[in-house]
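Undergrad: Okay, handing you the structure first.
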Amino acid sequence: MSEPAAKKEQYSVIGKSVPKVDAYDKATGRARYTGDLKVPNALVGKILRSPHAHARIISIDTSKAEQLPGVKAVITAKDVPSVMYGISPARYDENIFAVEKVLYVGDKVAAVAAVDEETAVKALNLIDVEYEVLPPVLDPFRAMDPDQPQLHEQYPRNISVEIHQNFGDVDKALADAYHVRTDTFSGTRAAHVPMEPHAALSKWEGGKLTITCSTQSPHYFQYHIARVFGLKMGDVRVLKSYVGGGFGGKLEPSGAEYVSAALAMKTGRPVKLVFDRWEVFVHHRGRHPQHITLTTGVTKEGKLLGCHARFIIDGGAYTSLGIASAYYAGAMLPLIYMFDHYRFDGFRVHTNLPSCGAQRGHGAPQPRFAFESQLDMIAKDLGMDSIDIRLVNARKPDTMTPNEFKVNSCAFTEAIQKARRISGWDEKKGKLASGKGIGIGCGGFISGNGYPIYRTRLPHAGAVIKVSEQGDIATLYTGAVDIGQGSDTVLAQMAAEAMGIDFEDIKLVTADTETTPHDFGAYASRQTLMSGWAVKEAGEEVRRQVLELAAEMLEANVEDMNVDRRVIYVKGSPEKSIPFERVANEFFITRGPLVGRGKYAPPKLGGSFKGAPVGTSPAYSFAAQISQVETDEETGQVMVTDVWDVHDCGQVINPTLLHAQVEGALFMGMGEAMYEAMVFDANGKPLNANLGDYRIPTALDVPQVVSDLVDSYEPAGPWGVKEVGEGATLPTMGSYANAIYDAIGIRIYDMPLTPEKVWRAIEQRKRQEREAAEKK
Amino acid sequence: MVTEAKPKTKRQIVTLTINGDEHVSLVKVNTTLLDLLREEFDYTGTKKGCELGDCGACTVLLDGEPVNSCLILAVEADGRSVTTIEGLEKNGKLDVVQEAFVNHGAIQCGYCSPGMILSSRALLNRNPSPTEREVRDAIAGNLCRCTGYVKIVEAVLAASAESKA
């Protein structure tokens with residue numbers, strides 16, 4: 001389904017690595033993030049958080065704090081609406097401040113607004129909270145036991161969600177299989193770690209709330225904030241300044257907005273509230289630690305017949321986006337390999353630990369690690385090559401998954417073959433020096449979600465393009481949210497391409513509920529495809545109007561007209577031409593504003609079973625990743641030396657930005673595979689909620705990366721695009737685990753693959769080898 | 001009624017040169033250089049990421065050396081010279097490192113970029129022809145969550161080559 005190469009040559013703006021529109025501002029320090037903003041008369045907001053994982057609030061005395069000079073407001077649950085919020089409408093279970101109980105270390109209890117940070121922190125220390133400490137639930141395996149304390153009354157046995165999906169006849173498939181394996185794998189509570197902490201600046205003026213915040217979705221924030229405060233959506237304006245990374249953690253309101261808004265309403269002054277790094281960690285909403293048991297059956301030839309996946313998912317204190325995460329965990333498993341029989345049983349449980357939510361690859365990376373690991377084990381059992389078994393099972397274009405996801409373009413086989421070639425797999429596999437290994441892991445992901453988070457008939461994306469009166473520039477208004485990934489740049493390229501003008505001619509107004517058309521925002525890897533469609537349609541409407549007028553001006557037929565890089569001409573008679581700006585200027589003079597509008601709503605997707613919408617998408621990306629590692633048997637240290645990633649992500653709008661997404665995602669996957677896990681003491685208190693003890697990869701850790709592509713064109717995407725940003729996190733963990741196995745013959749079932757774990761496994765193997773030798 | 005009758009935090013006059021201009025300020029002695037730059041002088045290109053010296057987002061050059069400005073008190077900087085990211089661009093022309101970051105796709109969310117660029121600038125000042133390993137060493141204290149450092153390292157090496165050309 002790849003588009004002819006000749007056609008690609010015809011594009012003037014897309015397909016080129018133009019620098020990001022915001023790079024100059026970011027390189028010079030001009031870019032102001034929410035915490036950098038200054039407004040007159042503003043106060044500093046700070047949140048008092050629970051020191052206990054599970055406790056009943058007996059009393060809160062704020063009188064001392066209120067009397068501290070410089071303190072302008074102290075608020076608790078009684079001062080704010082009691083409307084519960086959350087992300088999944090069926091499970092709104094959070095309050096702005098804890099009402100009766102705190103459910104994790106870091107739960108919000110009270111807040112102050114003061115003239116400066118120092119005063120605000122002093123005031124927090126003067127708030128007296130009396131707690132009755134309750135035993136915490138910390139073990140997800142025991143959370144469902146009847147003797148365990150209950151976190152939420154409405155969730156008996158601490159079950160946040162229970163999922164059972166069954167497709168085909170798994171029992172029969174497993175019974176018919178030549179070989180069946182059951183293995184259990186575990187992932188960690190990895191965190192997003194955006195470099196910019198969550199922040200919000202709220203203003204309350206004339207009955208209107210304006211919140212500038214670090215967000216991935218002004219629309220969802222507006223929706224939830226209006227709901228909680230009982231305001232019309234039109235009286236809540238949410239916009240962003242620059243956003244310093246999100247990775248899923250800024251898709252839902254963090255509390256910074258609710259609290260700063262409440263403080264602004266109480267004081268009548270603007271309130272800025274910025275999380276410190278500890279707060280970013282305890283607020284969390286990152287990766288769910290999943291415990292995954294897979295029973296998988298194959299034929300003698302390695303063809304997958306069926307799989308039964310069972311999950312226990314630690315959701316932490318609140319629901320957050322966790323319902324979606326839990327469904328994604330199972331829903332994405334049958335995407336990249338073809339098998340007909342699939343069952344998925346999952347429990348997301350509540351514990352008194354930070355709440356888990358959406359993080360890059362939403363729910364899917366840990367199960368993918370499990371499946372990629374097990375597939376390698378199956379290959380070994382059958383005496384097959386790890387790549388051959390993947391080629392036998394790789395999904396084909398124009399197919400349907402057992403859970404009714406329709407796949408259009410799919411160059412997965414080509415991606416695996418290319419990765420095999422460029423990594424030198426056949427020369428290396430089984431032939432590397434002792435301690436060195438090579439492994440493969442694969443992945444695939446949605447290019448936007450088929451259904452929004454709450455039920456609405458709104459289209460998923462809208463765009464408006466307004467050409468200036470002189471016709472020299474065009475402004476793209478889009479609700480799409482650039483959080484660093486580069487959507488502003490990619491959408492500007494698309495707008496220019498659609499109109500036939502230059503990239504430099506595009507100005508942007510984005511991510512503001514008041515000035516830009518609705519868009520659901522930066523999540524589910526959706527914007528290039530979904531926002532892209534809206535932008536394309538808007539640009540084409542401008543183009544059509546301009547060409548119609550140009551045809552009149554040149555006395556030609558409109559069907560014969562074309563525009564490229566600002567020159568409008570008659571096809572076949574290039575001497576009959578007129579500049580874009582002259583026609584656009586004439587348009588304004590004679591007809592009024594030159595505006596194009598576009599929207600995108602996905603077609604109806606997916607089946608009708610419970611949970612069917614999760615994982616539906618107009619298009620899916622695919623990827624194969626091969627990595628090479630070196631291990632030190634003495635220390636257990638693992639070094640990833642090289643990674644080759646080959647992606648099928650449809651047609652590429654900006655190659656530099658695309659490869660940057662792959663590289664960044666890969667490094668995030670590497671962190672989760674090798675180092676990252678939030679850890680807690682026996683009372684549920686976090687032990688490493690800072691960037692010294694929670695280790696993310698540094699510049700010294702990163703392997704040599706080759707990011708490559710296969711030709712692909714997606715019919716459901718504008719100009720054939722698909723996603724890349726999130727899917728690229730999926731193959732990494734499995735690829736590393738398999739490379740480590742190849743290097744030292746040790747299979748590690750639980751992330752992260754720390755030196756200690758590797759060393760202990762090596763020691764155990766040595767001991768077993770010694771004992772075996774002694775027996776002989 | 002004031003509940004705490006603690007003495008007010010002591011204040012001290014600090015004189016420092018920021019990006020070539022002399023500034024004088026009366027600061028509380030517990031004010032960090034980071035807060036002084038951001039709150040008093042509005043040099044918000046210096047970012048706040050952790051306030052513990054772990055992330056490097058607040059890196060500035062103090063007498064030419066890269067430091068975490070969150071770990072230095074404003075009073076310690078008295079009489080010294082500070083370069084922030086705002087000071088690298090000269091007469092509307094980007095420093096070669098900034099230029100390379102822009103052109104090599106080394107910037108995504110951009111929050112680490114000022115610190116990363118200043119650490120790289122300091123490296124090239126002391127070692128105009130670093131190896132890749134030396135570049136990685138020089139920016140090891142600047143965390144980035146977006147790029148995997150791939151294009152950042154490329155950009156610094158390109159800036160080094162550009163400076164020699």
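Residues are named by chain letter and number: chains run A, B, ... in the order of the structure tokens, numbers start at 1 in each chain, and ligands are numbered from 1 in the order shown.
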Hey, what's within 7 Å of range 64-75 of chain B if we count only C-alpha atoms and toss same-chain stuff fewer than 6 positions away? As a short mmCIF file (atom, residue, chain, number, x, y, z; two decimals) with N, CA and C atoms, in the first residue's frame, please?
TA:
data_model
loop_
_atom_site.label_atom_id
_atom_site.label_comp_id
_atom_site.auth_asym_id
_atom_site.auth_seq_id
_atom_site.Cartn_x
_atom_site.Cartn_y
_atom_site.Cartn_z
N VAL B 14 23.87 42.42 47.23
CA VAL B 14 24.65 41.59 46.32
C VAL B 14 24.85 42.37 45.02
N VAL B 29 19.33 36.33 52.76
CA VAL B 29 20.54 35.51 52.66
C VAL B 29 20.23 34.06 52.26
N ASN B 30 18.97 33.66 52.39
CA ASN B 30 18.64 32.28 51.99
C ASN B 30 18.14 32.19 50.54
N THR B 31 18.24 33.30 49.81
CA THR B 31 17.79 33.28 48.41
C THR B 31 18.83 32.57 47.54
N THR B 32 18.36 31.66 46.70
CA THR B 32 19.30 31.01 45.80
C THR B 32 19.58 31.91 44.61
N LEU B 33 20.70 31.64 43.96
CA LEU B 33 21.02 32.38 42.74
C LEU B 33 19.91 32.17 41.72
N LEU B 34 19.38 30.94 41.67
CA LEU B 34 18.28 30.62 40.74
C LEU B 34 17.09 31.55 40.97
N LEU B 36 17.03 34.40 42.55
CA LEU B 36 17.40 35.79 42.29
C LEU B 36 17.29 36.09 40.79
N GLU B 51 15.34 21.71 42.11
CA GLU B 51 15.83 22.47 43.27
C GLU B 51 16.73 21.67 44.20
N LEU B 52 17.29 20.59 43.68
CA LEU B 52 18.18 19.75 44.49
C LEU B 52 19.51 19.49 43.78
N GLY B 53 19.71 20.13 42.66
CA GLY B 53 20.97 19.91 41.94
C GLY B 53 21.02 18.62 41.18
N GLY B 56 19.91 19.79 36.48
CA GLY B 56 20.73 20.66 35.62
C GLY B 56 19.95 21.69 34.82
N CYS B 58 18.74 24.35 35.75
CA CYS B 58 19.05 25.71 36.22
C CYS B 58 20.50 26.10 35.97
N LEU B 118 24.20 25.75 27.86
CA LEU B 118 25.27 26.41 28.62
C LEU B 118 26.35 25.42 29.04
N SER B 119 25.96 24.20 29.43
CA SER B 119 26.98 23.19 29.73
C SER B 119 27.83 22.90 28.50
N ALA B 122 30.23 25.80 27.81
CA ALA B 122 31.38 25.75 28.73
C ALA B 122 32.37 24.69 28.28
#
Undergrad: Do a neighbour search on Leu700 in chain A at 7 Å with only C-alpha atoms, toss out local chain neighbours closer than 3 positions, and write the hits as a VMD selection string.
TA: chain B and resid 136 to 137 140
Undergrad: Using only C-alpha atoms, find the one residue out of A:Ile578, A:Ile292, A:Ala772, A:Val228 that sits nearest to Met751 in chain A.
TA: A:Ile292
Undergrad: Give me, as a ChimeraX atom specification, the residues of chain B touching chain A, with the criterion being at most 6 Å (counting only C-alpha atoms).
TA: /B:2,44-45,49-50,54,85-86,98,102-103,108-111,136,140,146-149
Undergrad: Go ahead and save the picked residues with C-alpha atoms, as a PDB file, in the first residue's frame.
TA:
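What follows is the written file out10.pdb:
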ATOM      1  CA  VAL B   2       1.474  37.446  64.663  1.00  0.00           C
ATOM      2  CA  THR B  44      13.413  32.933  33.394  1.00  0.00           C
ATOM      3  CA  GLY B  45      15.439  31.130  30.742  1.00  0.00           C
ATOM      4  CA  GLY B  49      13.371  21.468  37.568  1.00  0.00           C
ATOM      5  CA  CYS B  50      14.190  19.924  40.943  1.00  0.00           C
ATOM      6  CA  ASP B  54      19.867  16.695  40.248  1.00  0.00           C
ATOM      7  CA  ILE B  85      20.954  31.558  28.390  1.00  0.00           C
ATOM      8  CA  GLU B  86      19.715  35.074  27.607  1.00  0.00           C
ATOM      9  CA  GLN B  98      22.232  27.548  20.038  1.00  0.00           C
ATOM     10  CA  VAL B 102      17.924  24.606  16.500  1.00  0.00           C
ATOM     11  CA  ASN B 103      19.139  23.073  13.253  1.00  0.00           C
ATOM     12  CA  GLN B 108      11.850  19.095  21.935  1.00  0.00           C
ATOM     13  CA  CYS B 109      10.059  20.414  25.006  1.00  0.00           C
ATOM     14  CA  GLY B 110      12.960  22.775  25.519  1.00  0.00           C
ATOM     15  CA  TYR B 111      12.930  22.797  29.299  1.00  0.00           C
ATOM     16  CA  ARG B 136      28.422  13.082  26.905  1.00  0.00           C
ATOM     17  CA  ALA B 140      25.822  14.124  32.061  1.00  0.00           C
ATOM     18  CA  CYS B 146      12.567  13.972  25.388  1.00  0.00           C
ATOM     19  CA  THR B 147      15.481  13.396  23.062  1.00  0.00           C
ATOM     20  CA  GLY B 148      17.488  10.432  24.286  1.00  0.00           C
ATOM     21  CA  TYR B 149      20.406  12.899  23.938  1.00  0.00           C
TER      22      TYR B 149
END
Undergrad: Could you please determine the separation between CA of Ala159 in chain B and CA of Ala138 in chain B in Å, to one decimal place?
TA: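 Pair CA of Ala159 in chain B / CA of Ala138 in chain B returns 14.4 Å.
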Undergrad: Could you name the residues that touch range 761-764 of chain A at 12 Å or less, counting only C-alpha atoms, but leaving out those on the same chain fewer than 4 positions away, as an mmCIF file with N, CA and C atoms, in the first residue's frame?
TA:
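Generated file (part.cif):
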data_model
loop_
_atom_site.group_PDB
_atom_site.id
_atom_site.type_symbol
_atom_site.label_atom_id
_atom_site.label_comp_id
_atom_site.auth_asym_id
_atom_site.auth_seq_id
_atom_site.Cartn_x
_atom_site.Cartn_y
_atom_site.Cartn_z
ATOM 1 N N GLY A 435 29.222 -12.861 26.944
ATOM 2 C CA GLY A 435 28.778 -11.646 27.627
ATOM 3 C C GLY A 435 28.085 -10.661 26.716
ATOM 4 N N THR A 631 27.260 -7.470 28.866
ATOM 5 C CA THR A 631 27.033 -7.643 30.301
ATOM 6 C C THR A 631 28.357 -7.969 30.977
ATOM 7 N N ASP A 632 28.432 -7.525 32.217
ATOM 8 C CA ASP A 632 29.618 -7.809 33.021
ATOM 9 C C ASP A 632 29.209 -8.841 34.067
ATOM 10 N N GLU A 633 29.711 -10.053 33.936
ATOM 11 C CA GLU A 633 29.296 -11.145 34.826
ATOM 12 C C GLU A 633 29.712 -10.890 36.275
ATOM 13 N N GLU A 634 30.742 -10.102 36.478
ATOM 14 C CA GLU A 634 31.224 -9.844 37.839
ATOM 15 C C GLU A 634 30.294 -8.890 38.586
ATOM 16 N N THR A 635 29.755 -7.916 37.871
ATOM 17 C CA THR A 635 28.963 -6.875 38.540
ATOM 18 C C THR A 635 27.486 -6.937 38.205
ATOM 19 N N GLY A 636 27.119 -7.668 37.193
ATOM 20 C CA GLY A 636 25.726 -7.686 36.759
ATOM 21 C C GLY A 636 25.339 -6.478 35.930
ATOM 22 N N GLN A 637 26.301 -5.627 35.659
ATOM 23 C CA GLN A 637 26.044 -4.417 34.872
ATOM 24 C C GLN A 637 25.709 -4.785 33.425
ATOM 25 N N ILE A 740 19.592 -9.559 26.665
ATOM 26 C CA ILE A 740 20.283 -9.993 27.889
ATOM 27 C C ILE A 740 20.248 -11.524 27.975
ATOM 28 N N TYR A 741 19.104 -12.087 27.619
ATOM 29 C CA TYR A 741 19.032 -13.551 27.623
ATOM 30 C C TYR A 741 20.048 -14.147 26.663
ATOM 31 N N ALA A 743 22.785 -12.849 25.792
ATOM 32 C CA ALA A 743 24.144 -12.614 26.278
ATOM 33 C C ALA A 743 24.536 -13.591 27.380
ATOM 34 N N ILE A 744 23.647 -13.817 28.343
ATOM 35 C CA ILE A 744 24.066 -14.587 29.523
ATOM 36 C C ILE A 744 23.147 -15.754 29.843
ATOM 37 N N GLY A 745 22.155 -15.985 28.993
ATOM 38 C CA GLY A 745 21.287 -17.141 29.205
ATOM 39 C C GLY A 745 20.395 -17.004 30.422
ATOM 40 N N ILE A 746 20.129 -15.768 30.801
ATOM 41 C CA ILE A 746 19.290 -15.563 31.979
ATOM 42 C C ILE A 746 18.052 -14.768 31.599
ATOM 43 N N ARG A 747 16.912 -15.305 32.013
ATOM 44 C CA ARG A 747 15.637 -14.675 31.705
ATOM 45 C C ARG A 747 15.184 -13.926 32.940
ATOM 46 N N ILE A 748 14.994 -12.632 32.787
ATOM 47 C CA ILE A 748 14.486 -11.849 33.914
ATOM 48 C C ILE A 748 13.033 -11.511 33.647
ATOM 49 N N TYR A 749 12.208 -11.883 34.616
ATOM 50 C CA TYR A 749 10.759 -11.773 34.436
ATOM 51 C C TYR A 749 10.192 -10.485 35.006
ATOM 52 N N ASP A 750 10.968 -9.823 35.835
ATOM 53 C CA ASP A 750 10.426 -8.589 36.408
ATOM 54 C C ASP A 750 11.361 -7.416 36.173
ATOM 55 N N LEU A 753 15.641 -4.304 34.928
ATOM 56 C CA LEU A 753 16.735 -5.272 34.843
ATOM 57 C C LEU A 753 17.974 -4.673 35.513
ATOM 58 N N THR A 754 17.902 -4.528 36.826
ATOM 59 C CA THR A 754 18.982 -3.847 37.550
ATOM 60 C C THR A 754 20.210 -4.748 37.643
ATOM 61 N N PRO A 755 21.391 -4.137 37.826
ATOM 62 C CA PRO A 755 22.604 -4.949 37.978
ATOM 63 C C PRO A 755 22.463 -5.985 39.101
ATOM 64 N N GLU A 756 21.798 -5.594 40.191
ATOM 65 C CA GLU A 756 21.662 -6.523 41.308
ATOM 66 C C GLU A 756 20.888 -7.768 40.883
ATOM 67 N N LYS A 757 19.786 -7.520 40.163
ATOM 68 C CA LYS A 757 18.970 -8.655 39.722
ATOM 69 C C LYS A 757 19.740 -9.550 38.764
ATOM 70 N N GLN A 768 24.001 -23.364 40.348
ATOM 71 C CA GLN A 768 23.348 -24.552 39.777
ATOM 72 C C GLN A 768 24.326 -25.348 38.917
ATOM 73 N N GLU A 769 25.151 -24.599 38.158
ATOM 74 C CA GLU A 769 26.129 -25.284 37.290
ATOM 75 C C GLU A 769 27.140 -26.056 38.137
ATOM 76 N N ARG A 770 27.566 -25.423 39.259
ATOM 77 C CA ARG A 770 28.525 -26.087 40.157
ATOM 78 C C ARG A 770 27.923 -27.357 40.744
ATOM 79 N N GLU A 771 26.651 -27.196 41.214
ATOM 80 C CA GLU A 771 25.995 -28.348 41.834
ATOM 81 C C GLU A 771 25.824 -29.483 40.840
#
Undergrad: Apply DSSP to the backbone of this structure and, from range 411-640 of chain A, keep only the residues in strand (DSSP E or B); write these as a ChimeraX atom specification.
TA: /A:436-446,461-467,474-478,506-510,512,519,561-564,567-570,573-579,594-600,620-631,638-640
Undergrad: Mind giving me the straight-line distance from CA of Thr46 in chain B to CA of Val60 in chain B in Å, one decimal?
TA: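 Going from CA of Thr46 in chain B over to CA of Val60 in chain B, I get 7.2 Å.
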Undergrad: Can you work out which one of A:Leu529, A:Ala317, A:Ala474, A:Val80 has the shortest atom-to-atom distance to Pro593 in chain A, counting only C-alpha atoms?
TA: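 Using only C-alpha atoms, the shortest distance to Pro593 in chain A belongs to A:Ala474.
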Undergrad: Which one is closest to Ala143 in chain A: A:Val74, A:Asn352, A:Gly187, A:Arg285? Count only C-alpha atoms.
TA: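 Using only C-alpha atoms, the shortest distance to Ala143 in chain A belongs to A:Asn352.
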Undergrad: Pick out the closest residue to Ala534 in chain A from this set: A:Ala623, A:Met144, A:Leu549, A:Ala498. Count only C-alpha atoms.
TA: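 Smallest separation from Ala534 in chain A among the options: A:Ala498.
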Undergrad: Quick one: everything within 8 Å of Ala584 in chain A, counting only C-alpha atoms, minus sequence neighbours fewer than 3 positions away in the same chain. Send it as a ChimeraX atom specification.
TA: /A:467-471,546,580-581,587-588,594
Undergrad: Run DSSP on the backbone and tell me which residues of range 314-408 of chain A come out as helix (DSSP H, G or I); list them as JSON, numbers by chain.
TA: {"A": [322, 323, 324, 325, 326, 327, 328, 329, 330, 331, 365, 366, 367, 368, 369, 370, 371, 372, 373, 374, 375, 376, 377, 378, 379, 380, 381, 382, 386, 387, 388, 389, 390, 391, 392, 393]}
Undergrad: Output C-alpha atoms for every residue in the selection just made, as a short mmCIF file (atom, residue, chain, number, x, y, z; two decimals), in the first residue's frame.
TA:
data_model
loop_
_atom_site.label_atom_id
_atom_site.label_comp_id
_atom_site.auth_asym_id
_atom_site.auth_seq_id
_atom_site.Cartn_x
_atom_site.Cartn_y
_atom_site.Cartn_z
CA GLY A 322 -6.57 3.80 35.01
CA ILE A 323 -9.71 2.25 33.58
CA ALA A 324 -8.47 3.02 30.10
CA SER A 325 -4.98 1.82 31.05
CA ALA A 326 -6.37 -1.49 32.27
CA TYR A 327 -8.34 -2.05 29.08
CA TYR A 328 -5.38 -1.01 26.93
CA ALA A 329 -3.18 -3.53 28.75
CA GLY A 330 -5.12 -6.42 27.28
CA ALA A 331 -6.62 -4.81 24.19
CA PRO A 365 4.35 -1.46 27.10
CA GLN A 366 4.54 -3.91 30.01
CA PRO A 367 2.27 -6.53 28.42
CA ARG A 368 4.24 -6.08 25.21
CA PHE A 369 7.45 -6.76 27.15
CA ALA A 370 5.83 -9.90 28.54
CA PHE A 371 4.66 -11.12 25.16
CA GLU A 372 7.94 -10.36 23.39
CA SER A 373 9.84 -12.19 26.14
CA GLN A 374 7.57 -15.20 26.01
CA LEU A 375 7.66 -15.34 22.22
CA ASP A 376 11.45 -15.60 22.43
CA MET A 377 11.15 -18.41 24.97
CA ILE A 378 8.73 -20.22 22.69
CA ALA A 379 11.13 -19.80 19.76
CA LYS A 380 13.90 -21.31 21.84
CA ASP A 381 11.67 -24.22 22.90
CA LEU A 382 10.93 -24.90 19.24
CA SER A 386 13.59 -15.21 17.26
CA ILE A 387 13.05 -13.29 14.05
CA ASP A 388 11.66 -16.22 12.11
CA ILE A 389 8.94 -16.80 14.68
CA ARG A 390 7.96 -13.16 14.39
CA LEU A 391 7.86 -13.31 10.61
CA VAL A 392 5.62 -16.37 10.78
CA ASN A 393 3.12 -14.45 12.89
#
Undergrad: Could you check the closest approach to Leu88 in chain B for each of B:Asn142, B:Ser120, B:Thr9, B:Ser160 and tell me which residue wins, using only C-alpha atoms?
TA: B:Ser120
Undergrad: Within 8 Å of Leu26 in chain B, counting only C-alpha atoms, which residues qualify if same-chain residues fewer than 5 places away don't, as a list in words?
TA: Arg11, Gln12, Ile13 and Val14 of chain B
